[in-house]
>>> print(open('entry.pdb').read())   # PDB, N, CA and C atoms
ATOM      1  N   MET A   1      21.360   2.003  19.778
ATOM      2  CA  MET A   1      21.260   1.834  18.349
ATOM      3  C   MET A   1      19.789   1.698  17.955
ATOM      4  N   LYS A   2      19.381   2.465  16.988
ATOM      5  CA  LYS A   2      17.991   2.466  16.537
ATOM      6  C   LYS A   2      17.744   1.306  15.574
ATOM      7  N   ARG A   3      16.679   0.536  15.852
ATOM      8  CA  ARG A   3      16.310  -0.570  14.964
ATOM      9  C   ARG A   3      15.463  -0.038  13.821
ATOM     10  N   SER A   4      15.803  -0.414  12.648
ATOM     11  CA  SER A   4      15.079   0.045  11.467
ATOM     12  C   SER A   4      13.937  -0.916  11.146
ATOM     13  N   ILE A   5      12.797  -0.366  10.768
ATOM     14  CA  ILE A   5      11.675  -1.237  10.398
ATOM     15  C   ILE A   5      11.868  -1.819   9.004
ATOM     16  N   PHE A   6      12.868  -1.330   8.291
ATOM     17  CA  PHE A   6      13.122  -1.841   6.945
ATOM     18  C   PHE A   6      14.093  -3.015   6.933
ATOM     19  N   ASN A   7      14.661  -3.344   8.078
ATOM     20  CA  ASN A   7      15.593  -4.460   8.160
ATOM     21  C   ASN A   7      14.791  -5.747   8.375
ATOM     22  N   PRO A   8      14.803  -6.677   7.404
ATOM     23  CA  PRO A   8      13.977  -7.888   7.552
ATOM     24  C   PRO A   8      14.480  -8.847   8.622
ATOM     25  N   ARG A   9      15.671  -8.647   9.144
ATOM     26  CA  ARG A   9      16.178  -9.529  10.194
ATOM     27  C   ARG A   9      15.581  -9.209  11.555
ATOM     28  N   HIS A  10      15.047  -8.004  11.720
ATOM     29  CA  HIS A  10      14.410  -7.614  12.977
ATOM     30  C   HIS A  10      12.908  -7.822  12.868
ATOM     31  N   ARG A  11      12.311  -8.219  13.979
ATOM     32  CA  ARG A  11      10.855  -8.362  14.013
ATOM     33  C   ARG A  11      10.221  -6.977  14.075
ATOM     34  N   SER A  12       9.120  -6.806  13.339
ATOM     35  CA  SER A  12       8.456  -5.507  13.330
ATOM     36  C   SER A  12       6.967  -5.694  13.044
ATOM     37  N   LEU A  13       6.141  -5.303  14.019
ATOM     38  CA  LEU A  13       4.695  -5.332  13.803
ATOM     39  C   LEU A  13       4.271  -4.276  12.796
ATOM     40  N   ILE A  14       4.933  -3.136  12.833
ATOM     41  CA  ILE A  14       4.571  -2.046  11.927
ATOM     42  C   ILE A  14       4.785  -2.471  10.480
ATOM     43  N   ARG A  15       5.917  -3.086  10.203
ATOM     44  CA  ARG A  15       6.215  -3.516   8.836
ATOM     45  C   ARG A  15       5.197  -4.545   8.352
ATOM     46  N   GLY A  16       4.853  -5.506   9.192
ATOM     47  CA  GLY A  16       3.882  -6.524   8.799
ATOM     48  C   GLY A  16       2.504  -5.950   8.541
ATOM     49  N   ASN A  17       2.043  -5.070   9.450
ATOM     50  CA  ASN A  17       0.710  -4.494   9.287
ATOM     51  C   ASN A  17       0.633  -3.553   8.093
ATOM     52  N   VAL A  18       1.669  -2.762   7.867
ATOM     53  CA  VAL A  18       1.672  -1.857   6.713
ATOM     54  C   VAL A  18       1.704  -2.654   5.412
ATOM     55  N   LEU A  19       2.456  -3.744   5.406
ATOM     56  CA  LEU A  19       2.521  -4.580   4.208
ATOM     57  C   LEU A  19       1.165  -5.205   3.891
ATOM     58  N   VAL A  20       0.468  -5.693   4.914
ATOM     59  CA  VAL A  20      -0.837  -6.321   4.689
ATOM     60  C   VAL A  20      -1.882  -5.283   4.283
ATOM     61  N   LEU A  21      -1.958  -4.178   5.011
ATOM     62  CA  LEU A  21      -2.979  -3.172   4.693
ATOM     63  C   LEU A  21      -2.690  -2.478   3.369
ATOM     64  N   GLY A  22      -1.411  -2.277   3.055
ATOM     65  CA  GLY A  22      -1.063  -1.698   1.757
ATOM     66  C   GLY A  22      -1.434  -2.626   0.615
ATOM     67  N   SER A  23      -1.200  -3.922   0.799
ATOM     68  CA  SER A  23      -1.568  -4.870  -0.255
ATOM     69  C   SER A  23      -3.083  -4.982  -0.391
ATOM     70  N   LEU A  24      -3.823  -4.819   0.712
ATOM     71  CA  LEU A  24      -5.285  -4.809   0.611
ATOM     72  C   LEU A  24      -5.760  -3.595  -0.180
ATOM     73  N   GLY A  25      -5.158  -2.439   0.059
ATOM     74  CA  GLY A  25      -5.518  -1.244  -0.703
ATOM     75  C   GLY A  25      -5.205  -1.392  -2.183
ATOM     76  N   ILE A  26      -4.049  -1.957  -2.489
ATOM     77  CA  ILE A  26      -3.685  -2.183  -3.890
ATOM     78  C   ILE A  26      -4.630  -3.198  -4.536
ATOM     79  N   ALA A  27      -5.024  -4.224  -3.770
ATOM     80  CA  ALA A  27      -5.953  -5.224  -4.307
ATOM     81  C   ALA A  27      -7.318  -4.596  -4.591
ATOM     82  N   LEU A  28      -7.750  -3.677  -3.740
ATOM     83  CA  LEU A  28      -9.021  -2.985  -3.999
ATOM     84  C   LEU A  28      -8.943  -2.180  -5.285
ATOM     85  N   LEU A  29      -7.814  -1.517  -5.513
ATOM     86  CA  LEU A  29      -7.664  -0.724  -6.734
ATOM     87  C   LEU A  29      -7.558  -1.612  -7.977
ATOM     88  N   LEU A  30      -6.820  -2.706  -7.868
ATOM     89  CA  LEU A  30      -6.634  -3.583  -9.027
ATOM     90  C   LEU A  30      -7.908  -4.339  -9.412
ATOM     91  N   SER A  31      -8.707  -4.704  -8.422
ATOM     92  CA  SER A  31      -9.890  -5.508  -8.725
ATOM     93  C   SER A  31     -11.058  -4.669  -9.218
ATOM     94  N   ASP A  32     -10.947  -3.347  -9.107
ATOM     95  CA  ASP A  32     -12.050  -2.455  -9.487
ATOM     96  C   ASP A  32     -13.317  -2.922  -8.778
ATOM     97  N   PHE A  33     -13.286  -2.875  -7.446
ATOM     98  CA  PHE A  33     -14.153  -3.621  -6.540
ATOM     99  C   PHE A  33     -15.630  -3.732  -6.905
ATOM    100  N   PRO A  34     -16.370  -2.665  -7.136
ATOM    101  CA  PRO A  34     -17.795  -2.935  -7.398
ATOM    102  C   PRO A  34     -18.035  -3.752  -8.666
ATOM    103  N   HIS A  35     -17.115  -3.689  -9.612
ATOM    104  CA  HIS A  35     -17.299  -4.412 -10.872
ATOM    105  C   HIS A  35     -16.585  -5.757 -10.880
ATOM    106  N   ASN A  36     -15.679  -5.988  -9.938
ATOM    107  CA  ASN A  36     -14.942  -7.252  -9.785
ATOM    108  C   ASN A  36     -14.357  -7.754 -11.098
ATOM    109  N   ARG A  37     -13.369  -7.040 -11.548
ATOM    110  CA  ARG A  37     -12.671  -7.367 -12.783
ATOM    111  C   ARG A  37     -11.687  -8.506 -12.538
ATOM    112  N   ALA A  38     -11.603  -9.452 -13.439
ATOM    113  CA  ALA A  38     -10.673 -10.575 -13.310
ATOM    114  C   ALA A  38      -9.290 -10.133 -13.765
ATOM    115  N   THR A  39      -8.325 -10.172 -12.872
ATOM    116  CA  THR A  39      -6.952  -9.830 -13.206
ATOM    117  C   THR A  39      -5.997 -10.720 -12.425
ATOM    118  N   PRO A  40      -5.055 -11.347 -13.110
ATOM    119  CA  PRO A  40      -4.088 -12.188 -12.395
ATOM    120  C   PRO A  40      -3.042 -11.374 -11.636
ATOM    121  N   LEU A  41      -3.024 -10.059 -11.813
ATOM    122  CA  LEU A  41      -2.082  -9.222 -11.063
ATOM    123  C   LEU A  41      -2.372  -9.218  -9.559
ATOM    124  N   LEU A  42      -3.542  -9.695  -9.167
ATOM    125  CA  LEU A  42      -3.877  -9.749  -7.742
ATOM    126  C   LEU A  42      -3.057 -10.797  -6.995
ATOM    127  N   ILE A  43      -2.313 -11.600  -7.718
ATOM    128  CA  ILE A  43      -1.425 -12.563  -7.054
ATOM    129  C   ILE A  43      -0.326 -11.830  -6.296
ATOM    130  N   LEU A  44       0.147 -10.699  -6.831
ATOM    131  CA  LEU A  44       1.222  -9.948  -6.171
ATOM    132  C   LEU A  44       0.798  -9.388  -4.812
ATOM    133  N   PRO A  45      -0.376  -8.738  -4.686
ATOM    134  CA  PRO A  45      -0.798  -8.318  -3.341
ATOM    135  C   PRO A  45      -1.063  -9.495  -2.406
ATOM    136  N   ALA A  46      -1.502 -10.630  -2.956
ATOM    137  CA  ALA A  46      -1.723 -11.808  -2.105
ATOM    138  C   ALA A  46      -0.406 -12.317  -1.533
ATOM    139  N   ILE A  47       0.635 -12.336  -2.351
ATOM    140  CA  ILE A  47       1.946 -12.770  -1.871
ATOM    141  C   ILE A  47       2.494 -11.784  -0.851
ATOM    142  N   ALA A  48       2.290 -10.485  -1.100
ATOM    143  CA  ALA A  48       2.754  -9.473  -0.141
ATOM    144  C   ALA A  48       2.001  -9.590   1.180
ATOM    145  N   ALA A  49       0.704  -9.886   1.129
ATOM    146  CA  ALA A  49      -0.067 -10.055   2.364
ATOM    147  C   ALA A  49       0.375 -11.297   3.129
ATOM    148  N   ILE A  50       0.713 -12.363   2.415
ATOM    149  CA  ILE A  50       1.223 -13.561   3.081
ATOM    150  C   ILE A  50       2.558 -13.251   3.757
ATOM    151  N   ALA A  51       3.420 -12.498   3.086
ATOM    152  CA  ALA A  51       4.704 -12.121   3.677
ATOM    153  C   ALA A  51       4.503 -11.237   4.911
ATOM    154  N   GLY A  52       3.542 -10.324   4.854
ATOM    155  CA  GLY A  52       3.250  -9.479   6.016
ATOM    156  C   GLY A  52       2.690 -10.275   7.173
ATOM    157  N   THR A  53       1.854 -11.266   6.884
ATOM    158  CA  THR A  53       1.308 -12.122   7.940
ATOM    159  C   THR A  53       2.414 -12.950   8.589
ATOM    160  N   ILE A  54       3.327 -13.458   7.794
ATOM    161  CA  ILE A  54       4.456 -14.202   8.351
ATOM    162  C   ILE A  54       5.322 -13.302   9.216
ATOM    163  N   ASP A  55       5.498 -12.057   8.789
ATOM    164  CA  ASP A  55       6.279 -11.111   9.583
ATOM    165  C   ASP A  55       5.579 -10.800  10.904
ATOM    166  N   THR A  56       4.260 -10.744  10.893
ATOM    167  CA  THR A  56       3.518 -10.514  12.135
ATOM    168  C   THR A  56       3.600 -11.730  13.048
ATOM    169  N   ILE A  57       3.538 -12.925  12.481
ATOM    170  CA  ILE A  57       3.628 -14.147  13.283
ATOM    171  C   ILE A  57       4.986 -14.256  13.965
ATOM    172  N   ARG A  58       6.019 -13.727  13.319
ATOM    173  CA  ARG A  58       7.350 -13.748  13.933
ATOM    174  C   ARG A  58       7.405 -12.965  15.236
ATOM    175  N   CYS A  59       6.475 -12.048  15.454
ATOM    176  CA  CYS A  59       6.482 -11.211  16.659
ATOM    177  C   CYS A  59       5.833 -11.884  17.864
ATOM    178  N   MET A  60       5.344 -13.109  17.703
ATOM    179  CA  MET A  60       4.726 -13.825  18.819
ATOM    180  C   MET A  60       5.751 -14.099  19.910
ATOM    181  N   GLN A  61       5.282 -14.086  21.151
ATOM    182  CA  GLN A  61       6.134 -14.395  22.286
ATOM    183  C   GLN A  61       5.702 -15.723  22.888
ATOM    184  N   PRO A  62       6.623 -16.434  23.562
ATOM    185  CA  PRO A  62       6.246 -17.752  24.098
ATOM    186  C   PRO A  62       5.279 -17.669  25.276
ATOM    187  N   ARG A  63       5.346 -16.621  26.051
ATOM    188  CA  ARG A  63       4.448 -16.483  27.202
ATOM    189  C   ARG A  63       3.391 -15.436  26.915
ATOM    190  N   TRP A  64       2.212 -15.617  27.509
ATOM    191  CA  TRP A  64       1.123 -14.691  27.265
ATOM    192  C   TRP A  64       1.376 -13.377  27.980
ATOM    193  N   SER A  65       1.069 -12.279  27.310
ATOM    194  CA  SER A  65       1.093 -10.932  27.876
ATOM    195  C   SER A  65       0.124 -10.098  27.040
ATOM    196  N   PHE A  66      -0.043  -8.843  27.394
ATOM    197  CA  PHE A  66      -0.924  -7.993  26.597
ATOM    198  C   PHE A  66      -0.340  -7.754  25.204
ATOM    199  N   TYR A  67       0.975  -7.728  25.098
ATOM    200  CA  TYR A  67       1.613  -7.631  23.788
ATOM    201  C   TYR A  67       1.271  -8.851  22.937
ATOM    202  N   HIS A  68       1.320 -10.037  23.543
ATOM    203  CA  HIS A  68       0.973 -11.276  22.854
ATOM    204  C   HIS A  68      -0.477 -11.231  22.370
ATOM    205  N   GLY A  69      -1.380 -10.713  23.204
ATOM    206  CA  GLY A  69      -2.785 -10.576  22.799
ATOM    207  C   GLY A  69      -2.948  -9.594  21.656
ATOM    208  N   GLY A  70      -2.178  -8.507  21.677
ATOM    209  CA  GLY A  70      -2.231  -7.542  20.572
ATOM    210  C   GLY A  70      -1.718  -8.131  19.280
ATOM    211  N   VAL A  71      -0.677  -8.955  19.372
ATOM    212  CA  VAL A  71      -0.157  -9.619  18.177
ATOM    213  C   VAL A  71      -1.194 -10.597  17.621
ATOM    214  N   LEU A  72      -1.909 -11.290  18.509
ATOM    215  CA  LEU A  72      -2.978 -12.190  18.047
ATOM    216  C   LEU A  72      -4.060 -11.422  17.297
ATOM    217  N   LEU A  73      -4.444 -10.254  17.805
ATOM    218  CA  LEU A  73      -5.442  -9.434  17.100
ATOM    219  C   LEU A  73      -4.920  -8.984  15.737
ATOM    220  N   CYS A  74      -3.646  -8.642  15.674
ATOM    221  CA  CYS A  74      -3.060  -8.254  14.390
ATOM    222  C   CYS A  74      -3.038  -9.429  13.411
ATOM    223  N   ILE A  75      -2.780 -10.635  13.916
ATOM    224  CA  ILE A  75      -2.785 -11.811  13.041
ATOM    225  C   ILE A  75      -4.194 -12.079  12.515
ATOM    226  N   TYR A  76      -5.211 -11.910  13.356
ATOM    227  CA  TYR A  76      -6.588 -12.079  12.883
ATOM    228  C   TYR A  76      -6.933 -11.035  11.830
ATOM    229  N   MET A  77      -6.470  -9.799  12.018
ATOM    230  CA  MET A  77      -6.701  -8.755  11.017
ATOM    231  C   MET A  77      -6.000  -9.112   9.715
ATOM    232  N   ASP A  78      -4.784  -9.625   9.810
ATOM    233  CA  ASP A  78      -4.051 -10.030   8.613
ATOM    234  C   ASP A  78      -4.771 -11.147   7.871
ATOM    235  N   LEU A  79      -5.301 -12.111   8.605
ATOM    236  CA  LEU A  79      -6.012 -13.216   7.965
ATOM    237  C   LEU A  79      -7.296 -12.753   7.287
ATOM    238  N   MET A  80      -8.010 -11.805   7.904
ATOM    239  CA  MET A  80      -9.220 -11.277   7.260
ATOM    240  C   MET A  80      -8.867 -10.514   5.989
ATOM    241  N   ALA A  81      -7.803  -9.721   6.022
ATOM    242  CA  ALA A  81      -7.378  -8.990   4.827
ATOM    243  C   ALA A  81      -6.917  -9.956   3.745
ATOM    244  N   LEU A  82      -6.215 -11.013   4.132
ATOM    245  CA  LEU A  82      -5.769 -12.010   3.169
ATOM    246  C   LEU A  82      -6.954 -12.732   2.532
ATOM    247  N   CYS A  83      -7.983 -13.027   3.315
ATOM    248  CA  CYS A  83      -9.193 -13.657   2.761
ATOM    249  C   CYS A  83      -9.898 -12.723   1.786
ATOM    250  N   MET A  84      -9.919 -11.423   2.078
ATOM    251  CA  MET A  84     -10.531 -10.479   1.140
ATOM    252  C   MET A  84      -9.748 -10.413  -0.167
ATOM    253  N   ILE A  85      -8.433 -10.407  -0.079
ATOM    254  CA  ILE A  85      -7.616 -10.364  -1.292
ATOM    255  C   ILE A  85      -7.825 -11.626  -2.116
ATOM    256  N   LEU A  86      -7.856 -12.780  -1.456
ATOM    257  CA  LEU A  86      -8.084 -14.023  -2.187
ATOM    258  C   LEU A  86      -9.495 -14.080  -2.782
ATOM    259  N   PHE A  87     -10.463 -13.469  -2.099
ATOM    260  CA  PHE A  87     -11.816 -13.385  -2.663
ATOM    261  C   PHE A  87     -11.806 -12.527  -3.920
ATOM    262  N   PHE A  88     -11.134 -11.378  -3.877
ATOM    263  CA  PHE A  88     -11.045 -10.524  -5.067
ATOM    264  C   PHE A  88     -10.333 -11.253  -6.207
ATOM    265  N   LEU A  89      -9.381 -12.110  -5.879
ATOM    266  CA  LEU A  89      -8.638 -12.846  -6.894
ATOM    267  C   LEU A  89      -9.471 -13.950  -7.516
ATOM    268  N   LEU A  90     -10.212 -14.713  -6.711
ATOM    269  CA  LEU A  90     -10.875 -15.918  -7.194
ATOM    270  C   LEU A  90     -12.334 -15.725  -7.612
ATOM    271  N   TYR A  91     -13.039 -14.736  -7.081
ATOM    272  CA  TYR A  91     -14.465 -14.585  -7.360
ATOM    273  C   TYR A  91     -14.795 -14.371  -8.839
ATOM    274  N   PRO A  92     -14.048 -13.536  -9.572
ATOM    275  CA  PRO A  92     -14.413 -13.359 -10.991
ATOM    276  C   PRO A  92     -14.289 -14.635 -11.821
ATOM    277  N   TYR A  93     -13.497 -15.589 -11.367
ATOM    278  CA  TYR A  93     -13.336 -16.834 -12.108
ATOM    279  C   TYR A  93     -14.393 -17.868 -11.735
ATOM    280  N   ALA A  94     -15.157 -17.636 -10.689
ATOM    281  CA  ALA A  94     -16.175 -18.589 -10.233
ATOM    282  C   ALA A  94     -17.536 -18.133 -10.740
ATOM    283  N   ARG A  95     -17.799 -18.358 -12.013
ATOM    284  CA  ARG A  95     -19.066 -17.932 -12.606
ATOM    285  C   ARG A  95     -20.248 -18.743 -12.084
ATOM    286  N   TRP A  96     -20.019 -19.942 -11.583
ATOM    287  CA  TRP A  96     -21.112 -20.775 -11.100
ATOM    288  C   TRP A  96     -21.743 -20.205  -9.838
ATOM    289  N   ILE A  97     -21.034 -19.351  -9.093
ATOM    290  CA  ILE A  97     -21.602 -18.749  -7.900
ATOM    291  C   ILE A  97     -22.603 -17.661  -8.280
ATOM    292  N   ALA A  98     -22.280 -16.885  -9.309
ATOM    293  CA  ALA A  98     -23.098 -15.756  -9.673
ATOM    294  C   ALA A  98     -24.121 -16.057 -10.764
ATOM    295  N   SER A  99     -24.176 -17.262 -11.268
ATOM    296  CA  SER A  99     -25.096 -17.558 -12.360
ATOM    297  C   SER A  99     -26.539 -17.593 -11.820
ATOM    298  N   SER A 100     -27.451 -17.065 -12.613
ATOM    299  CA  SER A 100     -28.861 -17.025 -12.217
ATOM    300  C   SER A 100     -29.672 -17.932 -13.127
ATOM    301  N   GLN A 101     -29.515 -19.219 -12.958
ATOM    302  CA  GLN A 101     -30.237 -20.179 -13.788
ATOM    303  C   GLN A 101     -31.369 -20.811 -13.023
TER     304      GLN A 101
END
>>> encode(input="entry.pdb", output="structure tokens")
Amino acid sequence: MKRSIFNPRHRSLIRGNVLVLGSLGIALLLSDFPHNRATPLLILPAIAAIAGTIDTIRCMQPRWSFYHGGVLLCIYMDLMALCMILFFLLYPYARWIASSQ
């Protein structure tokens, strides 16, 4: 029986990574990156990235193996993408960082 990557009851690294990277791409488009436009719609990609990171964490195994190491690298990638999305979300509201007084 073939396991579907669309079934949330099964663990899937592909689903988690696609969800995180897709939400990062959407966040780049929504934030209008070089101009850093303030938009509360960036909350949706942040929630999707958190869900993808949780899905990746579900793939952890109790004993160390090369698969376990690969999952750790994927979790670090997810956390970096999540930090970028949160930066795009919060930076336009932090005027004190960019003020030149």
>>> residues_around(input="entry.pdb", residues="Ile47 (chain A)", least_positions_apart="2", cutoff="12 Å", atoms="only C-alpha atoms", output="list of chain:residue names")
A:Leu19, A:Val20, A:Ser23, A:Leu24, A:Ala27, A:Leu41, A:Leu42, A:Ile43, A:Leu44, A:Pro45, A:Ala49, A:Ile50, A:Ala51, A:Gly52, A:Thr53, A:Ile54, A:Leu82, A:Ile85, A:Leu86, A:Leu89
>>> atom_distance(input="entry.pdb", atom1="CA of Ile57 (chain A)", atom2="atom N of Leu90 (chain A)")
24.3 Å
>>> atom_distance(input="entry.pdb", atom1="CA of Phe87 (chain A)", atom2="CA of Pro40 (chain A)")
12.5 Å
>>> atom_distance(input="entry.pdb", atom1="CA of Tyr76 (chain A)", atom2="atom N of Arg95 (chain A)")
28.0 Å
>>> select_by_dssp(input="entry.pdb", residues="region 11-86 of chain A", states="helix (DSSP H, G or I)", output="JSON, numbers by chain")
{"A": [13, 14, 15, 16, 17, 18, 19, 20, 21, 22, 23, 24, 25, 26, 27, 28, 29, 30, 31, 40, 41, 42, 43, 44, 45, 46, 47, 48, 49, 50, 51, 52, 53, 54, 55, 56, 57, 66, 67, 68, 69, 70, 71, 72, 73, 74, 75, 76, 77, 78, 79, 80, 81, 82, 83, 84, 85, 86]}
>>> closest_residue(input="entry.pdb", among="A:Ala94, A:Gln61, A:Phe88, A:Thr56", to="Leu13 (chain A)", atoms="all atoms listed in the file")
A:Thr56
>>> closest_residue(input="entry.pdb", among="A:Ala46, A:Leu29, A:Arg37, A:Pro8", to="Leu79 (chain A)", atoms="only C-alpha atoms")
A:Ala46
>>> build_atoms(input="entry.pdb", residues="region 68-78 of chain A", atoms="all heavy atoms", output="PDB file, keeping the file's coordinate frame")
ATOM      1  N   HIS A  68       1.320 -10.037  23.543  1.00  0.00           N
ATOM      2  CA  HIS A  68       0.973 -11.276  22.854  1.00  0.00           C
ATOM      3  C   HIS A  68      -0.477 -11.231  22.370  1.00  0.00           C
ATOM      4  O   HIS A  68      -0.779 -11.630  21.239  1.00  0.00           O
ATOM      5  CB  HIS A  68       1.182 -12.453  23.809  1.00  0.00           C
ATOM      6  CG  HIS A  68       0.889 -13.787  23.230  1.00  0.00           C
ATOM      7  ND1 HIS A  68       1.794 -14.482  22.480  1.00  0.00           N
ATOM      8  CD2 HIS A  68      -0.226 -14.560  23.283  1.00  0.00           C
ATOM      9  CE1 HIS A  68       1.263 -15.627  22.098  1.00  0.00           C
ATOM     10  NE2 HIS A  68       0.040 -15.699  22.572  1.00  0.00           N
ATOM     11  N   GLY A  69      -1.380 -10.713  23.204  1.00  0.00           N
ATOM     12  CA  GLY A  69      -2.785 -10.576  22.799  1.00  0.00           C
ATOM     13  C   GLY A  69      -2.948  -9.594  21.656  1.00  0.00           C
ATOM     14  O   GLY A  69      -3.747  -9.811  20.743  1.00  0.00           O
ATOM     15  N   GLY A  70      -2.178  -8.507  21.677  1.00  0.00           N
ATOM     16  CA  GLY A  70      -2.231  -7.542  20.572  1.00  0.00           C
ATOM     17  C   GLY A  70      -1.718  -8.131  19.280  1.00  0.00           C
ATOM     18  O   GLY A  70      -2.265  -7.867  18.201  1.00  0.00           O
ATOM     19  N   VAL A  71      -0.677  -8.955  19.372  1.00  0.00           N
ATOM     20  CA  VAL A  71      -0.157  -9.619  18.177  1.00  0.00           C
ATOM     21  C   VAL A  71      -1.194 -10.597  17.621  1.00  0.00           C
ATOM     22  O   VAL A  71      -1.366 -10.711  16.403  1.00  0.00           O
ATOM     23  CB  VAL A  71       1.187 -10.325  18.480  1.00  0.00           C
ATOM     24  CG1 VAL A  71       1.639 -11.176  17.305  1.00  0.00           C
ATOM     25  CG2 VAL A  71       2.253  -9.300  18.821  1.00  0.00           C
ATOM     26  N   LEU A  72      -1.909 -11.290  18.509  1.00  0.00           N
ATOM     27  CA  LEU A  72      -2.978 -12.190  18.047  1.00  0.00           C
ATOM     28  C   LEU A  72      -4.060 -11.422  17.297  1.00  0.00           C
ATOM     29  O   LEU A  72      -4.552 -11.874  16.251  1.00  0.00           O
ATOM     30  CB  LEU A  72      -3.599 -12.928  19.224  1.00  0.00           C
ATOM     31  CG  LEU A  72      -2.855 -14.155  19.725  1.00  0.00           C
ATOM     32  CD1 LEU A  72      -3.539 -14.706  20.968  1.00  0.00           C
ATOM     33  CD2 LEU A  72      -2.780 -15.205  18.656  1.00  0.00           C
ATOM     34  N   LEU A  73      -4.444 -10.254  17.805  1.00  0.00           N
ATOM     35  CA  LEU A  73      -5.442  -9.434  17.100  1.00  0.00           C
ATOM     36  C   LEU A  73      -4.920  -8.984  15.737  1.00  0.00           C
ATOM     37  O   LEU A  73      -5.668  -8.957  14.757  1.00  0.00           O
ATOM     38  CB  LEU A  73      -5.827  -8.227  17.949  1.00  0.00           C
ATOM     39  CG  LEU A  73      -6.667  -8.531  19.186  1.00  0.00           C
ATOM     40  CD1 LEU A  73      -6.880  -7.263  19.999  1.00  0.00           C
ATOM     41  CD2 LEU A  73      -7.991  -9.129  18.787  1.00  0.00           C
ATOM     42  N   CYS A  74      -3.646  -8.642  15.674  1.00  0.00           N
ATOM     43  CA  CYS A  74      -3.060  -8.254  14.390  1.00  0.00           C
ATOM     44  C   CYS A  74      -3.038  -9.429  13.411  1.00  0.00           C
ATOM     45  O   CYS A  74      -3.271  -9.249  12.215  1.00  0.00           O
ATOM     46  CB  CYS A  74      -1.646  -7.716  14.590  1.00  0.00           C
ATOM     47  SG  CYS A  74      -1.571  -6.098  15.364  1.00  0.00           S
ATOM     48  N   ILE A  75      -2.780 -10.635  13.916  1.00  0.00           N
ATOM     49  CA  ILE A  75      -2.785 -11.811  13.041  1.00  0.00           C
ATOM     50  C   ILE A  75      -4.194 -12.079  12.515  1.00  0.00           C
ATOM     51  O   ILE A  75      -4.376 -12.396  11.331  1.00  0.00           O
ATOM     52  CB  ILE A  75      -2.227 -13.039  13.787  1.00  0.00           C
ATOM     53  CG1 ILE A  75      -0.729 -12.853  14.033  1.00  0.00           C
ATOM     54  CG2 ILE A  75      -2.483 -14.325  13.017  1.00  0.00           C
ATOM     55  CD1 ILE A  75      -0.129 -13.884  14.932  1.00  0.00           C
ATOM     56  N   TYR A  76      -5.211 -11.910  13.356  1.00  0.00           N
ATOM     57  CA  TYR A  76      -6.588 -12.079  12.883  1.00  0.00           C
ATOM     58  C   TYR A  76      -6.933 -11.035  11.830  1.00  0.00           C
ATOM     59  O   TYR A  76      -7.602 -11.338  10.840  1.00  0.00           O
ATOM     60  CB  TYR A  76      -7.573 -11.998  14.048  1.00  0.00           C
ATOM     61  CG  TYR A  76      -7.521 -13.176  14.977  1.00  0.00           C
ATOM     62  CD1 TYR A  76      -7.682 -13.007  16.342  1.00  0.00           C
ATOM     63  CD2 TYR A  76      -7.311 -14.468  14.515  1.00  0.00           C
ATOM     64  CE1 TYR A  76      -7.632 -14.085  17.208  1.00  0.00           C
ATOM     65  CE2 TYR A  76      -7.256 -15.547  15.372  1.00  0.00           C
ATOM     66  CZ  TYR A  76      -7.425 -15.352  16.719  1.00  0.00           C
ATOM     67  OH  TYR A  76      -7.370 -16.412  17.568  1.00  0.00           O
ATOM     68  N   MET A  77      -6.470  -9.799  12.018  1.00  0.00           N
ATOM     69  CA  MET A  77      -6.701  -8.755  11.017  1.00  0.00           C
ATOM     70  C   MET A  77      -6.000  -9.112   9.715  1.00  0.00           C
ATOM     71  O   MET A  77      -6.562  -8.940   8.623  1.00  0.00           O
ATOM     72  CB  MET A  77      -6.199  -7.406  11.549  1.00  0.00           C
ATOM     73  CG  MET A  77      -6.427  -6.234  10.631  1.00  0.00           C
ATOM     74  SD  MET A  77      -5.090  -5.832   9.480  1.00  0.00           S
ATOM     75  CE  MET A  77      -3.672  -5.691  10.486  1.00  0.00           C
ATOM     76  N   ASP A  78      -4.784  -9.625   9.810  1.00  0.00           N
ATOM     77  CA  ASP A  78      -4.051 -10.030   8.613  1.00  0.00           C
ATOM     78  C   ASP A  78      -4.771 -11.147   7.871  1.00  0.00           C
ATOM     79  O   ASP A  78      -4.848 -11.132   6.636  1.00  0.00           O
ATOM     80  CB  ASP A  78      -2.650 -10.505   8.987  1.00  0.00           C
ATOM     81  CG  ASP A  78      -1.751  -9.392   9.486  1.00  0.00           C
ATOM     82  OD1 ASP A  78      -2.151  -8.215   9.385  1.00  0.00           O
ATOM     83  OD2 ASP A  78      -0.658  -9.701   9.980  1.00  0.00           O
TER      84      ASP A  78
END
